[in-house]
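Chemist: First the structure, then my questions, so here it is.
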Amino acid sequence: CAPDEPRALLHGAPSLGSLLPVTAERPGALLTGDDLSAGTPEGDVGWLAGELVEFRALADRLPAGSPFDYDALIRALLDGYDAPLDLAAVGRAAAVRFLCHVHDFAAYVKWHELLGDYLKLVADTIDAAADGRLITR
């Protein structure tokens, strides 16, 4: 984060696994922990949006599709963030998150035919980020 850029509390490395859904007894929540730091609002939002973008891209490959509307989740994330956001910067952070997962896949699974597909999906995410697009529908 450059000295003149806006700073925000970064929620670490949130993932869908750290989201508690809304129930009749409690509101939803995001669990955060040891990875808290300061950075740009776009980096914070983009990190979680990247996971949603990745899941959407992978779900689109399933024959039955996905039971989730990932674009609605991304839209809710963007609308619910209490700061103005540069959507191109959010998209770049989302692409980096997606690329981190591709790296993990390559490191732990090794080469697999799906890796080429993952890389194409990352490239598509990078292209969309350049236009400030995270929502496809």
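Please note that chains go A, B, ... in the order of the structure tokens, that every chain numbers its residues from 1, and that ligands are numbered from 1 in the order shown.
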So that I can see what lies close to segment 85-100 of chain A, please list as a PDB file with N, CA, C and O atoms, in the first residue's frame the residues with an atom at most 8 Å from it, counting only C-alpha atoms and leaving out residues fewer than 5 positions away in the same chain.
Modeler:
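This is the output file part-v4.pdb:
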```pdb
ATOM      1  N   PRO A  41      -8.604  -0.912   0.400  1.00  0.00           N
ATOM      2  CA  PRO A  41      -9.925  -1.550   0.431  1.00  0.00           C
ATOM      3  C   PRO A  41     -10.096  -2.544  -0.725  1.00  0.00           C
ATOM      4  O   PRO A  41     -10.691  -3.603  -0.563  1.00  0.00           O
ATOM      5  N   GLU A  42      -9.542  -2.210  -1.888  1.00  0.00           N
ATOM      6  CA  GLU A  42      -9.675  -3.084  -3.056  1.00  0.00           C
ATOM      7  C   GLU A  42      -8.990  -4.431  -2.835  1.00  0.00           C
ATOM      8  O   GLU A  42      -9.474  -5.468  -3.291  1.00  0.00           O
ATOM      9  N   GLY A  43      -7.855  -4.410  -2.142  1.00  0.00           N
ATOM     10  CA  GLY A  43      -7.173  -5.670  -1.837  1.00  0.00           C
ATOM     11  C   GLY A  43      -7.997  -6.539  -0.913  1.00  0.00           C
ATOM     12  O   GLY A  43      -8.049  -7.765  -1.066  1.00  0.00           O
ATOM     13  N   VAL A  45     -11.438  -6.491  -0.446  1.00  0.00           N
ATOM     14  CA  VAL A  45     -12.627  -6.988  -1.130  1.00  0.00           C
ATOM     15  C   VAL A  45     -12.235  -7.963  -2.244  1.00  0.00           C
ATOM     16  O   VAL A  45     -12.861  -9.002  -2.439  1.00  0.00           O
ATOM     17  N   GLY A  46     -11.169  -7.629  -2.971  1.00  0.00           N
ATOM     18  CA  GLY A  46     -10.744  -8.463  -4.088  1.00  0.00           C
ATOM     19  C   GLY A  46     -10.329  -9.856  -3.668  1.00  0.00           C
ATOM     20  O   GLY A  46     -10.525 -10.818  -4.409  1.00  0.00           O
ATOM     21  N   TRP A  47      -9.768  -9.975  -2.477  1.00  0.00           N
ATOM     22  CA  TRP A  47      -9.297 -11.292  -2.028  1.00  0.00           C
ATOM     23  C   TRP A  47     -10.466 -12.258  -1.871  1.00  0.00           C
ATOM     24  O   TRP A  47     -10.409 -13.395  -2.307  1.00  0.00           O
ATOM     25  N   LEU A  48     -11.548 -11.797  -1.261  1.00  0.00           N
ATOM     26  CA  LEU A  48     -12.719 -12.660  -1.108  1.00  0.00           C
ATOM     27  C   LEU A  48     -13.464 -12.791  -2.439  1.00  0.00           C
ATOM     28  O   LEU A  48     -13.928 -13.875  -2.793  1.00  0.00           O
ATOM     29  N   ALA A  49     -13.548 -11.709  -3.194  1.00  0.00           N
ATOM     30  CA  ALA A  49     -14.217 -11.774  -4.499  1.00  0.00           C
ATOM     31  C   ALA A  49     -13.519 -12.771  -5.408  1.00  0.00           C
ATOM     32  O   ALA A  49     -14.174 -13.463  -6.192  1.00  0.00           O
ATOM     33  N   GLY A  50     -12.194 -12.871  -5.301  1.00  0.00           N
ATOM     34  CA  GLY A  50     -11.453 -13.826  -6.119  1.00  0.00           C
ATOM     35  C   GLY A  50     -11.896 -15.252  -5.878  1.00  0.00           C
ATOM     36  O   GLY A  50     -11.974 -16.061  -6.810  1.00  0.00           O
ATOM     37  N   GLU A  51     -12.196 -15.571  -4.647  1.00  0.00           N
ATOM     38  CA  GLU A  51     -12.688 -16.915  -4.361  1.00  0.00           C
ATOM     39  C   GLU A  51     -14.060 -17.133  -4.996  1.00  0.00           C
ATOM     40  O   GLU A  51     -14.332 -18.189  -5.563  1.00  0.00           O
ATOM     41  N   VAL A  53     -15.213 -15.552  -7.672  1.00  0.00           N
ATOM     42  CA  VAL A  53     -14.987 -15.612  -9.118  1.00  0.00           C
ATOM     43  C   VAL A  53     -14.487 -17.008  -9.506  1.00  0.00           C
ATOM     44  O   VAL A  53     -14.945 -17.595 -10.497  1.00  0.00           O
ATOM     45  N   GLU A  54     -13.557 -17.544  -8.721  1.00  0.00           N
ATOM     46  CA  GLU A  54     -13.025 -18.881  -9.003  1.00  0.00           C
ATOM     47  C   GLU A  54     -14.126 -19.933  -8.911  1.00  0.00           C
ATOM     48  O   GLU A  54     -14.269 -20.772  -9.811  1.00  0.00           O
ATOM     49  N   LEU A 119      -5.724 -22.062 -15.920  1.00  0.00           N
ATOM     50  CA  LEU A 119      -4.941 -20.918 -16.375  1.00  0.00           C
ATOM     51  C   LEU A 119      -5.742 -20.054 -17.349  1.00  0.00           C
ATOM     52  O   LEU A 119      -5.642 -18.828 -17.323  1.00  0.00           O
ATOM     53  N   VAL A 122      -8.053 -17.997 -15.274  1.00  0.00           N
ATOM     54  CA  VAL A 122      -7.333 -16.883 -14.651  1.00  0.00           C
ATOM     55  C   VAL A 122      -7.115 -15.774 -15.677  1.00  0.00           C
ATOM     56  O   VAL A 122      -7.314 -14.595 -15.380  1.00  0.00           O
ATOM     57  N   THR A 125     -10.187 -13.867 -16.104  1.00  0.00           N
ATOM     58  CA  THR A 125     -10.410 -13.007 -14.943  1.00  0.00           C
ATOM     59  C   THR A 125      -9.550 -11.755 -15.039  1.00  0.00           C
ATOM     60  O   THR A 125     -10.010 -10.650 -14.738  1.00  0.00           O
ATOM     61  N   ILE A 126      -8.311 -11.908 -15.475  1.00  0.00           N
ATOM     62  CA  ILE A 126      -7.421 -10.756 -15.638  1.00  0.00           C
ATOM     63  C   ILE A 126      -7.967  -9.816 -16.708  1.00  0.00           C
ATOM     64  O   ILE A 126      -8.000  -8.596 -16.521  1.00  0.00           O
ATOM     65  N   ALA A 128     -11.101  -9.472 -17.631  1.00  0.00           N
ATOM     66  CA  ALA A 128     -12.304  -8.831 -17.100  1.00  0.00           C
ATOM     67  C   ALA A 128     -11.936  -7.745 -16.088  1.00  0.00           C
ATOM     68  O   ALA A 128     -12.568  -6.698 -16.048  1.00  0.00           O
ATOM     69  N   ALA A 129     -10.897  -8.005 -15.291  1.00  0.00           N
ATOM     70  CA  ALA A 129     -10.472  -7.024 -14.283  1.00  0.00           C
ATOM     71  C   ALA A 129     -10.011  -5.734 -14.937  1.00  0.00           C
ATOM     72  O   ALA A 129     -10.240  -4.644 -14.400  1.00  0.00           O
ATOM     73  N   ALA A 130      -9.387  -5.836 -16.086  1.00  0.00           N
ATOM     74  CA  ALA A 130      -8.915  -4.635 -16.775  1.00  0.00           C
ATOM     75  C   ALA A 130     -10.078  -3.707 -17.123  1.00  0.00           C
ATOM     76  O   ALA A 130      -9.918  -2.494 -17.176  1.00  0.00           O
ATOM     77  N   ASP A 131     -11.276  -4.299 -17.294  1.00  0.00           N
ATOM     78  CA  ASP A 131     -12.470  -3.510 -17.577  1.00  0.00           C
ATOM     79  C   ASP A 131     -13.290  -3.217 -16.319  1.00  0.00           C
ATOM     80  O   ASP A 131     -14.387  -2.687 -16.411  1.00  0.00           O
ATOM     81  N   GLY A 132     -12.784  -3.628 -15.164  1.00  0.00           N
ATOM     82  CA  GLY A 132     -13.512  -3.427 -13.918  1.00  0.00           C
ATOM     83  C   GLY A 132     -14.694  -4.357 -13.762  1.00  0.00           C
ATOM     84  O   GLY A 132     -15.634  -4.067 -13.034  1.00  0.00           O
ATOM     85  N   ARG A 133     -14.663  -5.515 -14.449  1.00  0.00           N
ATOM     86  CA  ARG A 133     -15.788  -6.451 -14.409  1.00  0.00           C
ATOM     87  C   ARG A 133     -15.463  -7.657 -13.529  1.00  0.00           C
ATOM     88  O   ARG A 133     -14.453  -8.311 -13.698  1.00  0.00           O
ATOM     89  N   LEU A 134     -16.331  -7.941 -12.581  1.00  0.00           N
ATOM     90  CA  LEU A 134     -16.275  -9.181 -11.809  1.00  0.00           C
ATOM     91  C   LEU A 134     -17.570  -9.960 -12.003  1.00  0.00           C
ATOM     92  O   LEU A 134     -17.597 -11.164 -11.848  1.00  0.00           O
TER      93      LEU A 134
END
```
Chemist: Just the residues within 12 Å of Gly28 of chain A, please, counting only C-alpha atoms, with nothing from its chain fewer than 5 positions along; format it as a list in words.
Modeler: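 Counting only C-alpha atoms, the residues come to Ser18, Leu19, Leu20, Pro21, Val22 and Thr23 of chain A.
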Chemist: Take the residues that were just selected and, keeping N, CA, C and O atoms, output them as a CSV table (one decimal), in the first residue's frame.
Modeler:
```csv
chain,number,residue,atom,x,y,z
A,18,SER,N,-14.7,-19.5,5.9
A,18,SER,CA,-14.8,-18.6,7.1
A,18,SER,C,-16.0,-17.8,7.2
A,18,SER,O,-16.1,-16.9,8.1
A,19,LEU,N,-17.0,-18.1,6.4
A,19,LEU,CA,-18.3,-17.3,6.4
A,19,LEU,C,-19.3,-18.2,7.2
A,19,LEU,O,-19.4,-19.4,7.0
A,20,LEU,N,-19.9,-17.6,8.2
A,20,LEU,CA,-21.0,-18.2,8.9
A,20,LEU,C,-22.3,-17.7,8.3
A,20,LEU,O,-22.6,-16.5,8.2
A,21,PRO,N,-23.2,-18.7,7.8
A,21,PRO,CA,-24.4,-18.2,7.1
A,21,PRO,C,-25.4,-17.7,8.1
A,21,PRO,O,-25.3,-17.9,9.3
A,22,VAL,N,-26.3,-16.9,7.6
A,22,VAL,CA,-27.4,-16.3,8.4
A,22,VAL,C,-28.3,-17.5,8.8
A,22,VAL,O,-28.6,-18.4,8.0
A,23,THR,N,-28.7,-17.5,10.0
A,23,THR,CA,-29.7,-18.4,10.5
A,23,THR,C,-30.8,-17.7,11.3
A,23,THR,O,-30.7,-16.5,11.5
```
Chemist: Would you please extract all helix (DSSP H, G or I) residues from chain A, as assigned by DSSP on the backbone, and give them as number ranges by chain?
Modeler: A: 16-18, 41-59, 70-80, 87-109, 113-130
Chemist: Interatomic distance between atom CA of Leu36 of chain A and atom CA of Asp127 of chain A?
Modeler: 29.0 Å
Chemist: Could you give me, as a count of residues only, each residue of chain A that DSSP assigns to strand (DSSP E) when run on this structure's backbone?
Modeler: 10
Chemist: Within 12 Å of Leu115 of chain A, counting only C-alpha atoms, which residues show up once you throw out same-chain ones fewer than 2 positions away? Write them as a compact mmCIF listing (two decimals) with C-alpha atoms, in the first residue's frame, please.
Modeler:
```txt
# COMPACT_ATOMS: atom_id res chain seq x y z
CA LEU A 58 -15.47 -23.80 -11.90
CA LEU A 99 -3.83 -17.40 -9.42
CA HIS A 101 -5.14 -21.25 -5.99
CA VAL A 102 -3.86 -22.29 -9.43
CA HIS A 103 -0.34 -22.26 -7.96
CA ASP A 104 -1.51 -24.45 -5.07
CA PHE A 105 -3.14 -26.83 -7.54
CA ALA A 106 0.07 -27.08 -9.56
CA ALA A 107 2.25 -27.48 -6.47
CA TYR A 108 0.20 -30.17 -4.78
CA VAL A 109 -1.60 -31.98 -7.59
CA LYS A 110 1.23 -31.53 -10.11
CA TRP A 111 0.45 -31.33 -13.79
CA HIS A 112 -3.08 -32.29 -14.68
CA GLU A 113 -5.13 -31.53 -17.78
CA ASP A 117 -8.27 -24.84 -18.07
CA TYR A 118 -7.57 -23.12 -14.74
CA LEU A 119 -4.94 -20.92 -16.38
CA LYS A 120 -7.40 -19.91 -19.10
CA LEU A 121 -9.95 -19.01 -16.43
CA VAL A 122 -7.33 -16.88 -14.65
```
